[in-house]
Structure formats: structure tokens, C-alpha cells
file data_9.tsv (TSV, C-alpha atoms)
chain	number	residue	atom	x	y	z
A	1	MET	CA	4.98	-29.07	3.33
A	2	SER	CA	6.92	-29.06	0.05
A	3	VAL	CA	7.76	-25.72	-1.55
A	4	LEU	CA	5.69	-26.53	-4.64
A	5	LEU	CA	2.52	-27.36	-2.68
A	6	PHE	CA	2.98	-24.45	-0.28
A	7	THR	CA	3.45	-22.01	-3.18
A	8	CYS	CA	0.32	-23.24	-4.95
A	9	ILE	CA	-1.89	-23.05	-1.84
A	10	LEU	CA	-0.49	-19.64	-1.01
A	11	LEU	CA	-1.21	-18.40	-4.53
A	12	ILE	CA	-4.86	-19.48	-4.24
A	13	GLY	CA	-5.14	-17.90	-0.79
A	14	ALA	CA	-3.63	-14.65	-2.04
A	15	ILE	CA	-6.06	-14.52	-4.99
A	16	ALA	CA	-8.91	-14.81	-2.48
A	17	ALA	CA	-7.37	-12.10	-0.28
A	18	GLY	CA	-6.97	-9.76	-3.24
A	19	LEU	CA	-10.57	-10.39	-4.30
A	20	VAL	CA	-12.01	-9.74	-0.82
A	21	GLY	CA	-9.72	-6.73	-0.40
A	22	ALA	CA	-10.98	-5.18	-3.63
A	23	LEU	CA	-14.65	-5.93	-3.01
A	24	THR	CA	-14.65	-4.49	0.53
A	25	GLY	CA	-12.34	-1.64	-0.41
A	26	LEU	CA	-9.96	-2.60	2.40
A	27	GLY	CA	-7.03	-3.53	0.17
A	28	GLY	CA	-5.27	-6.87	-0.22
A	29	GLY	CA	-2.74	-6.49	2.59
A	30	VAL	CA	-5.28	-6.26	5.37
A	31	VAL	CA	-6.82	-9.64	4.51
A	32	LEU	CA	-3.44	-11.26	3.91
A	33	ILE	CA	-2.07	-10.94	7.43
A	34	PRO	CA	-4.83	-12.98	9.15
A	35	LEU	CA	-4.75	-15.46	6.25
A	36	LEU	CA	-1.01	-16.03	6.57
A	37	THR	CA	-0.81	-16.05	10.36
A	38	LEU	CA	-4.06	-17.81	11.33
A	39	ILE	CA	-4.37	-20.30	8.48
A	40	PHE	CA	-0.84	-20.83	7.16
A	41	ASP	CA	0.85	-20.46	10.56
A	42	VAL	CA	3.37	-17.99	9.13
A	43	ASP	CA	5.25	-15.75	11.58
A	44	ILE	CA	3.58	-12.34	11.70
A	45	ARG	CA	6.82	-10.57	10.72
A	46	TYR	CA	6.95	-12.42	7.38
A	47	ALA	CA	3.23	-11.70	6.96
A	48	ILE	CA	3.82	-7.98	7.50
A	49	GLY	CA	6.57	-7.95	4.85
A	50	CYS	CA	4.31	-9.69	2.34
A	51	ALA	CA	1.33	-7.46	3.09
A	52	LEU	CA	3.43	-4.35	2.62
A	53	VAL	CA	4.60	-5.40	-0.83
A	54	SER	CA	1.04	-6.40	-1.78
A	55	SER	CA	-0.30	-3.02	-0.65
A	56	ILE	CA	2.14	-1.31	-3.00
A	57	ALA	CA	1.12	-3.60	-5.86
A	58	THR	CA	-2.63	-3.08	-5.50
A	59	SER	CA	-2.27	0.64	-4.84
A	60	SER	CA	-0.17	1.23	-7.97
A	61	GLY	CA	-2.40	-1.04	-10.04
A	62	SER	CA	-5.65	0.73	-9.21
A	63	ALA	CA	-4.12	4.22	-9.04
A	64	ALA	CA	-3.22	3.87	-12.71
A	65	ALA	CA	-6.95	3.75	-13.48
A	66	TYR	CA	-8.04	6.46	-11.01
A	67	ILE	CA	-5.56	9.10	-12.14
A	68	ARG	CA	-6.85	9.05	-15.66
A	69	GLU	CA	-10.34	9.73	-14.35
A	70	GLY	CA	-8.96	12.87	-12.76
A	71	ILE	CA	-10.60	12.66	-9.33
A	72	THR	CA	-7.38	12.15	-7.36
A	73	ASN	CA	-6.26	15.41	-5.73
A	74	ILE	CA	-2.49	15.16	-6.16
A	75	ARG	CA	-1.78	18.23	-4.02
A	76	ILE	CA	-3.74	16.95	-1.03
A	77	GLY	CA	-2.04	13.58	-1.48
A	78	MET	CA	1.47	14.99	-1.73
A	79	PHE	CA	1.08	17.39	1.20
A	80	LEU	CA	-0.31	14.66	3.46
A	81	GLU	CA	2.41	12.26	2.33
A	82	ILE	CA	4.87	14.30	4.38
A	83	ALA	CA	2.84	13.11	7.39
A	84	THR	CA	2.33	9.50	6.27
A	85	THR	CA	5.92	8.81	5.18
A	86	THR	CA	7.31	10.29	8.41
A	87	GLY	CA	4.82	8.16	10.34
A	88	ALA	CA	5.63	5.06	8.26
A	89	ILE	CA	9.33	5.22	9.06
A	90	VAL	CA	8.63	5.86	12.75
A	91	GLY	CA	6.22	2.89	12.73
A	92	ALA	CA	8.79	0.61	11.09
A	93	LEU	CA	11.31	1.64	13.76
A	94	ILE	CA	8.89	1.01	16.64
A	95	ALA	CA	8.08	-2.43	15.17
A	96	VAL	CA	11.56	-3.74	16.09
A	97	TYR	CA	10.96	-3.14	19.78
A	98	MET	CA	7.36	-4.28	19.92
A	99	PRO	CA	6.53	-7.88	20.93
A	100	THR	CA	4.73	-9.68	18.09
A	101	ASN	CA	1.68	-10.54	20.20
A	102	ILE	CA	1.06	-6.83	20.82
A	103	VAL	CA	1.46	-6.17	17.09
A	104	ALA	CA	-1.21	-8.86	16.56
A	105	VAL	CA	-3.61	-7.20	19.02
A	106	ILE	CA	-3.13	-3.75	17.45
A	107	PHE	CA	-3.63	-5.31	14.03
A	108	GLY	CA	-6.87	-6.94	15.16
A	109	LEU	CA	-8.20	-3.64	16.50
A	110	VAL	CA	-7.30	-1.78	13.29
A	111	LEU	CA	-8.89	-4.54	11.22
A	112	LEU	CA	-12.09	-4.39	13.25
A	113	PHE	CA	-12.19	-0.61	12.84
A	114	SER	CA	-11.54	-0.93	9.09
A	115	ALA	CA	-14.38	-3.43	8.65
A	116	LEU	CA	-16.77	-1.03	10.42
A	117	MET	CA	-15.52	1.89	8.33
A	118	ALA	CA	-16.19	-0.05	5.14
A	119	LEU	CA	-19.86	-0.31	6.13
A	120	ARG	CA	-20.50	3.22	7.32
A	121	LYS	CA	-22.29	5.94	5.41
A	122	LYS	CA	-19.97	7.88	3.15
A	123	ASN	CA	-19.56	11.64	2.94
A	124	GLU	CA	-21.07	12.33	-0.47
A	125	GLU	CA	-21.56	16.05	0.00
A	126	ALA	CA	-18.90	18.53	-0.96
A	127	ASP	CA	-18.26	21.33	1.55
A	128	THR	CA	-18.38	24.53	-0.48
A	129	VAL	CA	-17.71	27.14	2.22
A	130	GLU	CA	-14.10	28.18	2.56
A	131	ARG	CA	-13.03	28.36	6.21
A	132	SER	CA	-9.43	27.20	6.21
A	133	THR	CA	-6.83	29.76	5.16
A	134	LEU	CA	-4.18	27.03	5.29
A	135	ALA	CA	-6.12	24.99	2.74
A	136	ARG	CA	-6.13	27.99	0.43
A	137	ALA	CA	-2.44	28.74	0.99
A	138	LEU	CA	-1.60	25.12	0.18
A	139	LYS	CA	-3.96	25.09	-2.81
A	140	LEU	CA	-5.79	22.02	-1.51
A	141	ASN	CA	-9.29	23.01	-2.63
A	142	GLY	CA	-10.35	21.37	-5.84
A	143	THR	CA	-12.98	20.35	-8.32
A	144	TYR	CA	-14.18	17.02	-9.54
A	145	THR	CA	-16.70	16.09	-12.18
A	146	SER	CA	-19.80	14.18	-11.12
A	147	PRO	CA	-22.71	13.01	-13.30
A	148	THR	CA	-24.50	16.27	-12.41
A	149	GLY	CA	-21.59	18.50	-13.39
A	150	ALA	CA	-18.45	19.97	-11.83
A	151	VAL	CA	-18.35	20.07	-8.03
A	152	ASP	CA	-16.15	22.54	-6.16
A	153	TYR	CA	-15.05	21.44	-2.72
A	154	LYS	CA	-13.23	23.26	0.06
A	155	VAL	CA	-10.91	21.43	2.43
A	156	GLN	CA	-11.36	22.02	6.19
A	157	ARG	CA	-9.22	21.47	9.31
A	158	VAL	CA	-5.91	20.86	7.57
A	159	MET	CA	-3.79	20.42	10.71
A	160	GLY	CA	-6.28	17.98	12.24
A	161	GLY	CA	-6.15	15.90	9.09
A	162	TYR	CA	-2.36	16.11	9.03
A	163	SER	CA	-2.11	14.79	12.61
A	164	LEU	CA	-4.45	11.88	11.92
A	165	MET	CA	-2.45	11.11	8.78
A	166	THR	CA	0.73	10.88	10.86
A	167	LEU	CA	-1.03	8.27	12.99
A	168	ALA	CA	-2.19	6.45	9.85
A	169	GLY	CA	1.43	6.43	8.68
A	170	ILE	CA	2.68	4.99	11.99
A	171	ILE	CA	0.05	2.23	11.89
A	172	SER	CA	0.91	1.52	8.27
A	173	GLY	CA	4.63	1.25	9.07
A	174	LEU	CA	4.02	-0.83	12.17
A	175	LEU	CA	1.58	-3.32	10.65
A	176	GLY	CA	2.61	-3.34	6.99
A	177	ILE	CA	-0.84	-2.35	5.76
A	178	GLY	CA	-2.04	0.58	3.69
A	179	SER	CA	-4.31	1.74	6.55
A	180	GLY	CA	-6.66	3.13	3.93
A	181	ALA	CA	-9.52	3.24	6.45
A	182	LEU	CA	-7.67	5.69	8.70
A	183	LYS	CA	-6.60	7.77	5.72
A	184	VAL	CA	-10.17	8.01	4.48
A	185	LEU	CA	-11.34	8.89	8.02
A	186	ALA	CA	-8.83	11.75	8.15
A	187	MET	CA	-9.80	13.13	4.75
A	188	ASP	CA	-13.49	12.36	4.89
A	189	THR	CA	-14.54	13.16	8.45
A	190	VAL	CA	-11.91	15.68	9.51
A	191	MET	CA	-11.03	17.51	6.30
A	192	ARG	CA	-14.51	17.15	4.78
A	193	ILE	CA	-13.22	15.97	1.42
A	194	PRO	CA	-15.95	14.26	-0.63
A	195	PHE	CA	-15.83	10.47	-0.62
A	196	LYS	CA	-14.94	10.08	-4.29
A	197	VAL	CA	-11.89	12.26	-3.94
A	198	SER	CA	-10.79	10.93	-0.54
A	199	THR	CA	-10.92	7.27	-1.62
A	200	THR	CA	-8.81	7.72	-4.72
A	201	THR	CA	-6.42	10.14	-3.04
A	202	SER	CA	-5.97	7.69	-0.16
A	203	ASN	CA	-5.16	4.99	-2.68
A	204	PHE	CA	-2.62	7.30	-4.32
A	205	MET	CA	-0.94	7.75	-0.95
A	206	ILE	CA	-0.91	4.09	0.11
A	207	GLY	CA	1.80	3.12	-2.38
A	208	VAL	CA	4.15	5.92	-1.38
A	209	THR	CA	3.57	5.37	2.36
A	210	ALA	CA	4.13	1.63	2.05
A	211	ALA	CA	7.27	2.13	-0.07
A	212	ALA	CA	8.75	4.34	2.67
A	213	SER	CA	8.53	1.58	5.29
A	214	ALA	CA	9.17	-1.25	2.79
A	215	VAL	CA	12.77	-0.11	2.31
A	216	VAL	CA	13.30	-0.44	6.08
A	217	TYR	CA	11.61	-3.86	6.23
A	218	LEU	CA	13.62	-5.15	3.27
A	219	GLN	CA	16.86	-4.37	5.10
A	220	ARG	CA	15.48	-6.16	8.13
A	221	GLY	CA	14.71	-9.38	6.23
A	222	TYR	CA	10.91	-9.24	6.67
A	223	ILE	CA	10.41	-9.50	2.91
A	224	ASP	CA	11.10	-13.11	1.97
A	225	PRO	CA	10.99	-13.92	-1.76
A	226	ASP	CA	9.64	-17.46	-1.21
A	227	LEU	CA	6.46	-15.96	0.26
A	228	ALA	CA	6.41	-12.66	-1.62
A	229	MET	CA	6.33	-14.30	-5.06
A	230	PRO	CA	3.04	-16.24	-4.82
A	231	VAL	CA	1.47	-13.62	-2.55
A	232	VAL	CA	2.09	-10.57	-4.75
A	233	ILE	CA	1.08	-12.35	-7.94
A	234	GLY	CA	-2.02	-13.79	-6.27
A	235	VAL	CA	-3.16	-10.53	-4.72
A	236	LEU	CA	-2.76	-8.72	-8.05
A	237	ILE	CA	-4.84	-11.35	-9.87
A	238	GLY	CA	-7.50	-11.22	-7.14
A	239	ALA	CA	-7.62	-7.42	-7.05
A	240	PHE	CA	-7.91	-7.24	-10.83
A	241	ALA	CA	-10.78	-9.75	-10.84
A	242	GLY	CA	-12.41	-7.86	-7.96
A	243	SER	CA	-12.32	-4.56	-9.81
A	244	LYS	CA	-14.03	-6.21	-12.80
A	245	ILE	CA	-16.78	-7.60	-10.56
A	246	LEU	CA	-17.26	-4.22	-8.87
A	247	VAL	CA	-18.08	-2.57	-12.18
A	248	ARG	CA	-20.74	-5.12	-13.08
A	249	ALA	CA	-22.47	-6.20	-9.91
A	250	ASP	CA	-24.07	-4.59	-6.90
A	251	VAL	CA	-21.87	-5.90	-4.13
A	252	LYS	CA	-23.62	-4.43	-1.08
A	253	LYS	CA	-24.62	-7.81	0.39
A	254	LEU	CA	-21.28	-9.36	-0.52
A	255	ARG	CA	-19.50	-6.46	1.17
A	256	LEU	CA	-21.56	-6.93	4.33
A	257	LEU	CA	-20.81	-10.65	4.38
A	258	PHE	CA	-17.08	-10.15	3.91
A	259	SER	CA	-16.98	-7.41	6.52
A	260	ILE	CA	-18.51	-9.79	9.06
A	261	VAL	CA	-15.95	-12.47	8.16
A	262	ILE	CA	-13.15	-9.92	8.51
A	263	GLY	CA	-14.59	-8.85	11.87
A	264	PHE	CA	-14.29	-12.44	13.12
A	265	LEU	CA	-10.74	-12.72	11.78
A	266	ALA	CA	-9.93	-9.52	13.67
A	267	LEU	CA	-11.31	-10.96	16.93
A	268	GLU	CA	-9.28	-14.12	16.42
A	269	MET	CA	-6.12	-12.06	15.87
A	270	ILE	CA	-6.80	-10.16	19.10
A	271	TYR	CA	-7.51	-13.38	21.01
A	272	ASN	CA	-4.36	-15.10	19.71
A	273	GLY	CA	-2.33	-12.01	20.50
A	274	LEU	CA	-3.64	-11.80	24.06
A	275	THR	CA	-3.02	-15.48	24.70
A	276	GLY	CA	0.48	-15.15	23.23
A	277	LYS	CA	-0.07	-17.55	20.33
A	278	LEU	CA	1.02	-15.06	17.68
B	1	MET	CA	9.67	17.93	-23.18
B	2	SER	CA	7.77	21.03	-22.09
B	3	ARG	CA	6.34	21.35	-25.59
B	4	LEU	CA	4.90	17.86	-25.38
B	5	ILE	CA	3.68	17.94	-21.79
B	6	LYS	CA	1.37	20.87	-21.36
B	7	THR	CA	-1.52	20.05	-19.13
B	8	ASP	CA	-2.31	18.22	-15.92
B	9	LYS	CA	-3.97	15.62	-18.05
B	10	ASP	CA	-0.76	14.82	-19.94
B	11	VAL	CA	1.07	14.42	-16.65
B	12	ALA	CA	-1.71	12.17	-15.35
B	13	THR	CA	-1.45	9.99	-18.44
B	14	ILE	CA	2.31	9.63	-18.03
B	15	VAL	CA	2.00	8.84	-14.31
B	16	GLY	CA	-0.72	6.30	-15.07
B	17	ARG	CA	1.49	4.61	-17.64
B	18	LEU	CA	4.46	4.59	-15.28
B	19	LEU	CA	2.44	2.90	-12.54
B	20	ARG	CA	1.04	0.31	-14.88
B	21	ALA	CA	4.44	-0.42	-16.44
B	22	GLY	CA	6.00	-0.74	-12.98
B	23	VAL	CA	3.43	-3.24	-11.75
B	24	ILE	CA	3.50	-5.29	-14.96
B	25	THR	CA	7.32	-5.40	-15.11
B	26	ALA	CA	7.54	-6.30	-11.41
B	27	SER	CA	5.05	-9.16	-11.72
B	28	MET	CA	6.74	-10.50	-14.84
B	29	VAL	CA	10.15	-10.49	-13.17
B	30	ALA	CA	8.72	-12.08	-10.01
B	31	THR	CA	6.92	-14.74	-12.07
B	32	LEU	CA	10.11	-15.54	-13.98
B	33	GLY	CA	12.01	-15.80	-10.69
B	34	GLY	CA	9.18	-17.90	-9.30
B	35	ILE	CA	9.42	-20.40	-12.15
B	36	LEU	CA	13.20	-20.68	-11.69
B	37	PHE	CA	12.65	-21.00	-7.94
B	38	LEU	CA	10.14	-23.82	-8.32
B	39	ILE	CA	12.41	-25.66	-10.78
B	40	VAL	CA	15.32	-25.57	-8.35
B	41	HIS	CA	13.61	-25.77	-4.96
B	42	ARG	CA	10.23	-27.47	-5.55
B	43	SER	CA	10.98	-30.43	-3.27
B	44	ASP	CA	12.51	-28.39	-0.43
B	45	VAL	CA	10.47	-28.02	2.74
B	46	SER	CA	8.73	-24.70	3.46
B	47	ASP	CA	8.74	-23.52	7.06
B	48	PHE	CA	7.90	-19.96	8.00
B	49	THR	CA	6.47	-20.63	11.45
B	50	HIS	CA	9.54	-19.14	13.08
B	51	PHE	CA	11.15	-15.91	12.03
B	52	ARG	CA	14.72	-16.19	10.79
B	53	GLY	CA	14.54	-13.38	8.26
B	54	ALA	CA	15.30	-13.48	4.56
B	55	PRO	CA	18.87	-14.58	3.69
B	56	GLU	CA	21.37	-11.76	4.28
B	57	TYR	CA	22.19	-11.21	0.57
B	58	LEU	CA	18.52	-10.49	-0.19
B	59	ARG	CA	18.42	-7.52	2.16
B	60	SER	CA	20.55	-5.04	0.22
B	61	LEU	CA	20.68	-3.68	-3.32
B	62	ASP	CA	24.25	-4.97	-3.79
B	63	GLY	CA	23.38	-8.50	-2.71
B	64	ILE	CA	20.22	-8.68	-4.80
B	65	PHE	CA	21.95	-7.42	-7.95
B	66	SER	CA	24.93	-9.75	-7.66
B	67	GLY	CA	22.48	-12.62	-7.11
B	68	LEU	CA	20.53	-11.48	-10.16
B	69	LEU	CA	23.65	-11.67	-12.33
B	70	GLU	CA	24.06	-15.32	-11.28
B	71	LEU	CA	20.33	-15.86	-11.98
B	72	ASP	CA	19.78	-16.90	-8.38
B	73	PRO	CA	15.99	-17.53	-8.34
B	74	ARG	CA	15.41	-15.77	-5.01
B	75	ALA	CA	17.39	-12.74	-6.17
B	76	VAL	CA	15.30	-12.58	-9.37
B	77	ILE	CA	12.07	-12.56	-7.32
B	78	GLN	CA	13.51	-9.95	-5.00
B	79	THR	CA	14.37	-7.78	-8.04
B	80	GLY	CA	10.67	-7.88	-8.92
B	81	VAL	CA	9.89	-6.73	-5.37
B	82	LEU	CA	12.43	-3.91	-5.72
B	83	ILE	CA	10.79	-2.74	-8.96
B	84	LEU	CA	7.46	-2.74	-7.16
B	85	ILE	CA	8.82	-0.65	-4.27
B	86	ALA	CA	10.56	1.71	-6.72
B	87	THR	CA	7.36	2.38	-8.72
B	88	PRO	CA	5.61	4.76	-6.26
B	89	ILE	CA	8.95	6.39	-5.41
B	90	LEU	CA	9.58	7.06	-9.11
B	91	ARG	CA	6.15	8.55	-9.27
B	92	VAL	CA	7.09	11.05	-6.56
B	93	VAL	CA	10.26	11.90	-8.53
B	94	LEU	CA	8.15	12.46	-11.62
B	95	SER	CA	5.84	14.75	-9.63
B	96	VAL	CA	8.78	17.04	-8.83
B	97	PHE	CA	9.19	17.66	-12.57
B	98	ALA	CA	5.45	17.91	-13.14
B	99	PHE	CA	5.08	20.62	-10.48
B	100	ALA	CA	8.19	22.39	-11.79
B	101	LEU	CA	6.65	22.49	-15.29
B	102	GLU	CA	3.54	24.07	-13.80
B	103	LYS	CA	5.84	26.54	-11.99
B	104	ASP	CA	4.24	25.48	-8.72
B	105	TYR	CA	7.39	25.85	-6.62
B	106	LEU	CA	5.59	25.40	-3.30
B	107	TYR	CA	4.73	21.86	-4.39
B	108	VAL	CA	8.17	21.24	-5.83
B	109	VAL	CA	9.45	21.84	-2.27
B	110	ILE	CA	6.71	19.72	-0.65
B	111	THR	CA	7.43	16.84	-3.03
B	112	LEU	CA	11.18	17.11	-2.37
B	113	ILE	CA	10.48	16.88	1.38
B	114	VAL	CA	8.57	13.62	0.79
B	115	LEU	CA	11.51	12.29	-1.26
B	116	ALA	CA	13.95	13.30	1.48
B	117	ILE	CA	11.94	11.38	4.10
B	118	ILE	CA	11.86	8.25	1.93
B	119	SER	CA	15.64	8.60	1.37
B	120	ILE	CA	16.22	8.71	5.12
B	121	GLY	CA	14.44	5.35	5.36
B	122	MET	CA	16.56	4.02	2.52
B	123	LEU	CA	20.00	5.31	3.43
B	124	GLY	CA	19.63	5.87	7.17
B	125	ASP	CA	20.61	2.29	8.01
B	126	LEU	CA	17.42	1.96	10.06
B	127	GLY	CA	17.09	-1.76	9.37
B	128	GLY	CA	18.48	-2.58	12.80

call {"tool": "encode", "arguments": {"input": "data_9.tsv", "output": "C-alpha cells"}}
result
Amino acid sequence: MSVLLFTCILLIGAIAAGLVGALTGLGGGVVLIPLLTLIFDVDIRYAIGCALVSSIATSSGSAAAYIREGITNIRIGMFLEIATTTGAIVGALIAVYMPTNIVAVIFGLVLLFSALMALRKKNEEADTVERSTLARALKLNGTYTSPTGAVDYKVQRVMGGYSLMTLAGIISGLLGIGSGALKVLAMDTVMRIPFKVSTTTSNFMIGVTAAASAVVYLQRGYIDPDLAMPVVIGVLIGAFAGSKILVRADVKKLRLLFSIVIGFLALEMIYNGLTGKL
Amino acid sequence: MSRLIKTDKDVATIVGRLLRAGVITASMVATLGGILFLIVHRSDVSDFTHFRGAPEYLRSLDGIFSGLLELDPRAVIQTGVLILIATPILRVVLSVFAFALEKDYLYVVITLIVLAIISIGMLGDLGG
């Protein structure tokens, strides 16, 4: 295929990936890897490099909007970033020694898990009882404004959340994705942080986590400009369009549909990994 | 500086602007590089089915910047990628100052630890 044609098709594909990523809340990178490997027959290592850069782009793009709304808890984010950046560098190091078909299987499993997470019931309630002295010492408890007024929330099980965040970082570094689903699981289910805060704080962290492993991947040649150019631009356009649609329309059915599609893509990644095709 | 930046909200506004500026600059540079790239290489054949890795000069700051000075299209795109990677890192740097202004020294230390970990990835020659 000529460079011109390949670039154009890739740009369209990346716009679609960014759109689906924004509508499902999974992020652009997660949809990109199956798109590039299964449909465009791109080596998974190039796909990982592209996805990583796209995760940074969409995270920074949407974080700009979230921060102004003031629901991101910067202290929780910064404290947990010690865990995710350490994990991300470890993950990027492990990636060198891991056969690509096993990377594909792990990716498929994470994707499947993320699709299920996107559909589950969210933790809307704020936990108002203070039980963790560590959370107080680290000043993690916070307040956010909801339509019904200011809500105080208390963070629980800090070390449990920290451990799960290290795992999220490793996965992110290994697969080149934001692993937002794991981050939200750690904050939401373990630390009992209300959904609104955990989602935006996770997004805040994705860019920093991805940047930590991106510097390693750049040195390793995983980030190829021929692919990165159409992919990053496309994902940004798609994510921007997606965020506009999210404001206007009720996307529940659309989200369900996309999650099912992503579930099938995940199974195909696992199958191709097991049969050694990826 | 401290007279102008007083509250969390001011810091948030600055961080928000930084992120937006980073993403916009990065995409503009990448688009410019992309146009140059398509002009020069449009009829080449794309093949990414086997991993060879990006050309050696596109894997280090030195190589990318010297390529940029020669307006090498791939180096221009890669500069856009570098700006994108630098954006969240710059944001962490900015947070050090923001926490220092609030006299929250615990978080100055925490933020510096995060920066140190990212620097290990950058300078530790972990590319392998």
C-alpha cells in the first residue's frame, strides 16, 4: 500500500477509535491496538507505541476541561502517580522480554475487563466516615460540588489502592494503554472515592503514567512517526467529536453496543495471541 | 508571581492552559511534519507488518533535533510527539511550584519523587 493511501485510511480509523474511546470512556489507545493489529496488520509493538502517544494526547486534551471544573483531586492523583509511574517503567522493561503473542493475550484480557467495567454500576455515593489515618495524613480527603451542593468524601484503604495502582502502572507500561479501567477500580471500589472524582483523577494520571513509559518506548523505536502522525491527529479529532456528542445525547445504548464490539475484538486478540498469529 | 497566583483555582487555570497549549502545539507540529512527509514520501510503500523499529536517529533527543534543523519530515513529526510527551511532565514540574506556593511541603516532596521516577526512565538508558 502506498504511504498516501495508508496514511488516509489510518487517519479515518484513528478518528473512529477516538470516537469510540470517548463514548465508552475507555480512551483512544485501547481501541487503537486491535484496530492496528487485527485490521491493518501492524506489528503489535508499533501499535503499542502509537497507543501510548494517543493516550497522552486524549488525557491531556480532556484533563484541560476537567481541571477547570475542579473535581479532579490533584493530591490523590499525585500520590498515586508514585505507584503508577514506577509500575509503568517496570512494565516497559518487562515488555522487552515478553513474547508478543503473550502481550496480545494479556491485552485481550485487559480489554475484556475494561469493556465490562464500562458497563457496571458506578459508585455515586461519597463515603463520609473517616477510617483511614493515612488518608488524613496525606490530605487525600476532599470535597466536590454536585447539583445538590458540596459533598465531602473520605478516602479509604490507601495502601490497597496504592498496590492496585502499581499493577495498573505495570499494565499501562506493558501494553501502552492508559489502563483507566484499573485505575478507576482502584479508586472507586478499593478507596471508595466517588465516581465523578475517580474518573477525572484517573484521567489526570493517565498522561503522566503514559509519559513515563513513553520515554522508554521512544528510545526503543516503538514510536514510529509514519504511524504516529495520522494516529495521534485522528484520535484527537475523534475524541473531541465524541466529547461533543456526550454532552448532547444519551449514549447508554451506544455505549452498550460499542462495549459488545470491543468484547469481540478482545476475544479475537486473545485467540490470535494463543494461536501465535500476533 | 505569588501576587498573581493566589488560589487553587488560579493554578488550575494555568495547568489547564498548559495542557491545552501542549496538545495544540504538538498536533500542529505533527500536522506540519505530516504534510512534508506526504509531499516527500507519498509514493513509498508502507509496511509495518514486521517490527524493525523507528530509524535510529528518531530515538534520541539529539537525533530528532538535528533532523528538525534539516526539516527532515519524520523528525518534525517526532518533535510533535516529543512535545506531547513533555506536556504531562511539564505539568508535574508546575505542580512542584504550585504546592510550594501553598506551602504544602509534603506534596512538594511527593511530586519531586514522581519527577525523579520519570527521570530514571528518561536518563536510565532503559531502552535496551

call {"tool": "residues_around", "arguments": {"input": "data_9.tsv", "residues": "A:Ala83", "least_positions_apart": "4", "cutoff": "9 Å", "atoms": "all atoms listed in the file", "output": "list in words"}}
result
Phe79, Gly87, Ala88, Tyr162, Ser163, Leu164, Met165, Thr166, Leu167, Ala168 and Gly169 of chain A; Val114 of chain B

call {"tool": "atom_distance", "arguments": {"input": "data_9.tsv", "atom1": "atom CA of A:Ala14", "atom2": "atom CA of A:Val231"}}
result
5.2 Å

call {"tool": "atom_distance", "arguments": {"input": "data_9.tsv", "atom1": "atom CA of B:Leu71", "atom2": "atom CA of B:Leu36"}}
result
8.6 Å

call {"tool": "closest_atom_pairs", "arguments": {"input": "data_9.tsv", "of": "chain A", "to": "chain B", "cutoff": "6 Å", "atoms": "only C-alpha atoms", "output": "CSV"}}
result
residue,atom,partner,partner_atom,distance
A:Met1,CA,B:Val45,CA,5.6
A:Ser2,CA,B:Val45,CA,4.6
A:Val3,CA,B:Arg42,CA,5.0
A:Leu4,CA,B:Arg42,CA,4.7
A:Asp41,CA,B:Thr49,CA,5.7
A:Val42,CA,B:Thr49,CA,4.7
A:Asp43,CA,B:Thr49,CA,5.0
A:Ser60,CA,B:Leu19,CA,5.5
A:Ala64,CA,B:Gly16,CA,4.2
A:Ile67,CA,B:Ala12,CA,5.9
A:Ile82,CA,B:Val114,CA,5.2
A:Gly207,CA,B:Pro88,CA,5.7
A:Val208,CA,B:Pro88,CA,5.2
A:Ala211,CA,B:Ile85,CA,5.3
A:Ala212,CA,B:Ile118,CA,5.1
A:Val215,CA,B:Met122,CA,5.6
A:Val216,CA,B:Gly127,CA,5.2
A:Leu218,CA,B:Arg59,CA,5.5
A:Gln219,CA,B:Arg59,CA,4.6
A:Arg220,CA,B:Gly127,CA,4.8
A:Gly221,CA,B:Ala54,CA,4.5
A:Tyr222,CA,B:Gly53,CA,5.7
A:Asp224,CA,B:Ala54,CA,4.9
A:Pro225,CA,B:Gln78,CA,5.7
A:Met229,CA,B:Ala30,CA,5.9

call {"tool": "residues_around", "arguments": {"input": "data_9.tsv", "residues": "A:Ala95", "least_positions_apart": "5", "cutoff": "9 Å", "atoms": "all atoms listed in the file", "output": "ChimeraX atom specification"}}
result
/A:90,100,103,173-175

call {"tool": "closest_residue", "arguments": {"input": "data_9.tsv", "among": "A:Val31, A:Ala22, A:Ile193, A:Ala137", "to": "A:Leu52", "atoms": "only C-alpha atoms"}}
result
A:Val31

call {"tool": "atom_distance", "arguments": {"input": "data_9.tsv", "atom1": "atom CA of A:Ile233", "atom2": "atom CA of A:Ile74"}}
result
27.8 Å

call {"tool": "axis_aligned_box", "arguments": {"input": "data_9.tsv", "around": "stretch 67-84 of chain B", "padding_each_side": "8 Å", "output": "lines of an AutoDock Vina configuration file"}}
result
center_x = 15.8
center_y = -10.1
center_z = -8.7
size_x = 32.6
size_y = 30.8
size_z = 23.3

call {"tool": "closest_residue", "arguments": {"input": "data_9.tsv", "among": "A:Leu267, A:Ala241, A:Leu246, A:Ala118", "to": "A:Ala17", "atoms": "all atoms listed in the file"}}
result
A:Ala241
